[in-house]
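So this one's input-v2.txt, compact mmCIF, C-alpha atoms:
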```
# COMPACT_ATOMS: atom_id res chain seq x y z
CA MET A 1 -3.58 -25.40 -7.14
CA LEU A 2 -6.04 -23.15 -5.29
CA ASP A 3 -9.78 -23.52 -4.95
CA GLY A 4 -12.26 -20.60 -4.88
CA LEU A 5 -11.20 -19.52 -1.40
CA GLY A 6 -7.51 -19.60 -2.18
CA VAL A 7 -7.11 -22.87 -0.29
CA SER A 8 -4.65 -25.43 -1.58
CA ARG A 9 -6.27 -28.62 -2.85
CA ILE A 10 -3.07 -30.59 -2.36
CA GLY A 11 -1.34 -31.12 0.96
CA ARG A 12 -1.60 -28.99 4.09
CA ARG A 13 -3.11 -25.54 4.35
CA SER A 14 -0.45 -22.83 4.35
CA GLY A 15 -0.67 -19.52 6.15
CA TRP A 16 -1.73 -17.88 2.88
CA ASP A 17 -4.47 -20.49 2.49
CA ARG A 18 -5.88 -19.71 5.93
CA LEU A 19 -5.63 -15.95 5.32
CA GLY A 20 -7.20 -16.46 1.89
CA ALA A 21 -10.45 -17.52 3.51
CA ILE A 22 -10.73 -13.96 4.82
CA ASP A 23 -9.03 -12.13 1.95
CA TRP A 24 -10.82 -13.72 -1.03
CA PRO A 25 -14.32 -12.42 -0.26
CA ILE A 26 -12.91 -8.94 0.36
CA ALA A 27 -10.89 -9.05 -2.86
CA ARG A 28 -13.91 -10.18 -4.88
CA ALA A 29 -16.09 -7.45 -3.37
CA ILE A 30 -13.63 -4.61 -3.99
CA ALA A 31 -11.91 -5.54 -7.27
CA LEU A 32 -13.46 -3.53 -10.06
CA SER A 33 -14.66 -4.81 -13.38
CA GLY A 34 -14.74 -2.88 -16.64
CA ASP A 35 -18.43 -2.17 -16.03
CA TRP A 36 -17.62 0.48 -13.43
CA ARG A 37 -16.03 3.08 -15.69
CA THR A 38 -15.44 6.03 -13.34
CA PRO A 39 -14.15 4.02 -10.35
CA VAL A 40 -11.90 2.01 -12.69
CA VAL A 41 -10.34 5.19 -14.09
CA VAL A 42 -9.87 6.60 -10.58
CA ALA A 43 -8.33 3.38 -9.22
CA LYS A 44 -5.90 3.15 -12.14
CA ALA A 45 -4.90 6.81 -11.77
CA LEU A 46 -4.30 6.47 -8.03
CA SER A 47 -2.22 3.34 -8.56
CA ARG A 48 -0.07 5.17 -11.11
CA LEU A 49 0.34 8.12 -8.71
CA GLY A 50 1.64 5.67 -6.12
CA ASN A 51 4.50 4.73 -8.45
CA GLY A 52 6.19 8.02 -7.54
CA PRO A 53 4.34 11.19 -8.54
CA ILE A 54 2.33 11.34 -5.30
CA TYR A 55 5.55 11.90 -3.35
CA LEU A 56 6.37 14.95 -5.46
CA ILE A 57 2.90 16.31 -4.63
CA ILE A 58 3.45 15.64 -0.91
CA LEU A 59 6.88 17.28 -1.07
CA ALA A 60 5.45 20.32 -2.88
CA ALA A 61 2.72 20.60 -0.21
CA LEU A 62 5.36 20.50 2.53
CA PHE A 63 7.32 23.27 0.83
CA ALA A 64 4.18 25.36 0.31
CA LEU A 65 2.64 24.89 3.77
CA ARG A 66 5.89 24.78 5.76
CA PRO A 67 4.57 23.06 8.89
CA LYS A 68 6.68 23.34 12.01
CA GLY A 69 9.59 20.94 11.69
CA SER A 70 9.16 20.44 7.95
CA GLU A 71 12.88 19.72 7.49
CA ALA A 72 12.73 16.96 10.12
CA ILE A 73 9.54 15.62 8.50
CA MET A 74 11.26 15.37 5.11
CA ILE A 75 14.34 13.72 6.62
CA CYS A 76 12.20 11.26 8.55
CA GLY A 77 9.96 10.38 5.62
CA GLY A 78 12.83 10.12 3.16
CA THR A 79 15.03 8.04 5.46
CA SER A 80 12.13 5.73 6.32
CA ILE A 81 11.33 5.18 2.65
CA VAL A 82 14.97 4.39 1.82
CA LEU A 83 15.22 1.92 4.73
CA LEU A 84 11.93 0.28 3.80
CA HIS A 85 12.96 -0.16 0.20
CA CYS A 86 16.17 -1.83 1.33
CA ILE A 87 14.17 -4.59 3.08
CA TYR A 88 11.06 -4.57 0.88
CA PRO A 89 12.37 -6.77 -1.98
CA ALA A 90 13.46 -9.46 0.48
CA LEU A 91 10.05 -9.34 2.22
CA LYS A 92 8.27 -9.80 -1.11
CA ARG A 93 10.49 -12.69 -2.20
CA SER A 94 10.30 -14.51 1.12
CA ALA A 95 6.49 -14.20 1.31
CA ALA A 96 6.06 -15.06 -2.41
CA ARG A 97 2.32 -14.49 -2.22
CA PRO A 98 0.61 -14.35 -5.62
CA ARG A 99 -1.38 -11.25 -6.48
CA PRO A 100 -5.18 -11.42 -6.76
CA ARG A 101 -4.80 -10.62 -10.48
CA ASP A 102 -2.66 -13.76 -10.86
CA LEU A 103 -5.46 -15.78 -9.25
CA GLY A 104 -8.24 -14.44 -11.44
CA ILE A 105 -9.32 -11.29 -9.56
CA ALA A 106 -8.31 -8.28 -11.61
CA CYS A 107 -9.48 -5.01 -13.04
CA PRO A 108 -9.26 -5.11 -16.84
CA GLY A 109 -6.61 -2.75 -18.19
CA ALA A 110 -5.04 -2.07 -14.78
CA PRO A 111 -1.42 -0.95 -14.98
CA PRO A 112 1.00 -3.85 -14.56
CA PRO A 113 2.49 -4.19 -11.08
CA ILE A 114 6.07 -3.06 -10.51
CA ASP A 115 7.06 -6.40 -9.00
CA ARG A 116 5.83 -9.97 -8.94
CA TYR A 117 4.39 -10.61 -5.49
CA SER A 118 1.52 -9.25 -3.45
CA PHE A 119 2.67 -9.20 0.18
CA PRO A 120 3.13 -6.54 1.54
CA SER A 121 1.72 -3.61 -0.42
CA GLY A 122 4.69 -1.42 -1.31
CA HIS A 123 2.49 1.47 -2.41
CA VAL A 124 0.68 1.60 0.93
CA MET A 125 3.87 0.92 2.92
CA THR A 126 5.70 3.80 1.25
CA LEU A 127 2.76 6.19 1.47
CA THR A 128 2.28 5.39 5.17
CA ALA A 129 5.98 6.03 5.79
CA ALA A 130 5.74 9.39 4.01
CA LEU A 131 2.52 10.51 5.73
CA PHE A 132 3.25 9.31 9.28
CA PRO A 133 5.77 12.01 10.24
CA ILE A 134 3.58 14.68 8.63
CA VAL A 135 0.51 13.84 10.70
CA LEU A 136 2.66 13.40 13.80
CA ALA A 137 4.20 16.87 13.45
CA ALA A 138 1.04 18.57 12.15
CA PRO A 139 -2.05 16.94 13.72
CA ALA A 140 -4.35 19.05 11.50
CA ALA A 141 -3.02 16.95 8.60
CA TRP A 142 -4.74 13.80 9.92
CA PRO A 143 -7.95 14.12 7.86
CA PRO A 144 -6.28 14.69 4.47
CA GLY A 145 -3.54 12.17 5.33
CA LEU A 146 -6.12 9.54 6.20
CA ALA A 147 -8.10 10.32 3.05
CA ILE A 148 -5.00 9.96 0.86
CA TRP A 149 -4.04 6.70 2.58
CA ALA A 150 -7.59 5.31 2.28
CA ALA A 151 -7.80 6.24 -1.41
CA MET A 152 -4.49 4.51 -2.20
CA SER A 153 -5.44 1.45 -0.14
CA TRP A 154 -8.76 1.16 -1.97
CA ALA A 155 -7.08 1.61 -5.36
CA ARG A 156 -4.57 -1.19 -4.73
CA LEU A 157 -7.44 -3.54 -3.84
CA ALA A 158 -9.66 -2.29 -6.67
CA VAL A 159 -7.12 -2.95 -9.44
CA GLY A 160 -6.48 -6.48 -8.14
CA ASP A 161 -2.88 -5.97 -7.07
CA HIS A 162 -3.37 -6.71 -3.38
CA PHE A 163 -5.44 -8.47 -0.78
CA ALA A 164 -6.65 -6.56 2.29
CA SER A 165 -4.02 -8.25 4.47
CA ASP A 166 -1.28 -7.02 2.09
CA VAL A 167 -2.50 -3.45 2.60
CA ALA A 168 -2.74 -3.95 6.37
CA ALA A 169 0.81 -5.34 6.49
CA GLY A 170 2.13 -2.50 4.31
CA THR A 171 0.49 0.00 6.65
CA ALA A 172 1.91 -1.66 9.78
CA ILE A 173 5.43 -1.96 8.36
CA GLY A 174 5.43 1.62 7.02
CA ALA A 175 4.05 3.01 10.28
CA GLY A 176 6.46 0.95 12.38
CA VAL A 177 9.59 2.08 10.57
CA SER A 178 8.45 5.67 10.05
CA GLY A 179 7.08 5.88 13.60
CA ALA A 180 10.39 4.76 15.08
CA MET A 181 12.23 7.18 12.82
CA ALA A 182 9.82 10.01 13.69
CA TYR A 183 10.25 9.35 17.39
CA TRP A 184 13.99 9.61 16.93
CA ILE A 185 14.07 12.59 14.50
CA VAL A 186 10.83 14.61 14.76
CA THR A 187 10.08 14.48 18.49
```
What does the file become when written as structure tokens?
Amino acid sequence: MLDGLGVSRIGRRSGWDRLGAIDWPIARAIALSGDWRTPVVVAKALSRLGNGPIYLIILAALFALRPKGSEAIMICGGTSIVLLHCIYPALKRSAARPRPRDLGIACPGAPPPIDRYSFPSGHVMTLTAALFPIVLAAPAAWPPGLAIWAAMSWARLAVGDHFASDVAAGTAIGAGVSGAMAYWIVT
């Protein structure tokens, strides 16, 4: 059983309990209620885009803009995403962290999550892995890449699917795998 800060009332404090003291206030501040109509619609739409369609948009932009090394960028991003999704289910199961929505912090009518657990954010992990080689190969892509990443990160917090630390971990894991892959393939 968890108290208002996500701290276990029974037994010792776990790592999630200690992290909850930081994450809970952030989750409460960012999670949207039904009273905020426009942001709720935007957060839900972005979360749905993260289920797959955003990668078709990114791929179409790569084909249209043809940055130098676009073939290597696509190979790097695609390979990183495949590798990440091979380890991602095991990460989720071993962490077994409940989602904010399962602990009472949720946006009404938010799309249901794809999987059960919160840590790490798969949407942010995958998006980071896709964007990292793009911004590495085409530095002018940093501002829109950062804006896309920030929008998705906000949306995952706003709908109550993740805590801030889940998003941070997803970013670090996605950047680590994609960065190593980009170093090997793109550079």
Checklist line | Who sits within 10 Å of Gly50 of chain A, all atoms listed in the file, same chain under 4 positions skipped, as an MDAnalysis selection string | finding: chainID A and resid 44:46 54:55 122:124 126:127 152 155:156
Next item on the list: Excluding segment 171-182 of chain A and residues on its chain fewer than 4 positions from it, collect all residues at most 9 Å away from it, counting all atoms listed in the file, and give them as a list in words.
Entry: Ala72, Ile73, Cys76, Gly77, Thr79, Ser80, Ile81, Leu83, Leu84, Pro120, Ser121, Gly122, Val124, Met125, Thr126, Leu127, Thr128, Ala129, Ala130, Leu131, Phe132, Pro133, Leu136, Ala137, Asp166, Val167, Val186 and Thr187 of chain A
Next item on the list: Please measure the separation of atom CA of Ala21 of chain A and atom CA of Ala150 of chain A, giving the value in Å to one decimal.
Entry: 23.0 Å
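Between atom CA of Trp184 of chain A and atom CA of Leu65 of chain A the separation is 23.1 Å.
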Next item on the list: To one decimal in Å, tell me the separation between atom CA of Gly20 of chain A and atom CA of Ala90 of chain A.
Entry: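 Atom CA of Gly20 of chain A sits 21.9 Å away from atom CA of Ala90 of chain A.
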Next item on the list: Tell me which of A:Ala27, A:Ile22, A:Pro139, A:Tyr88 sits closest to Asp115 of chain A, counting only C-alpha atoms.
Entry: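 Of the candidates, the smallest distance to Asp115 of chain A is held by A:Tyr88.
Near Trp154 of chain A, within a cut-off of 10 Å and counting only C-alpha atoms, sit the residues Ile30, Ala31, Ala43, Leu46, Ser47, Val124, Ile148, Trp149, Ala150, Ala151, Leu157, Ala158, Val159, His162, Ala164 and Val167 of chain A, with same-chain residues fewer than 3 positions away left out.
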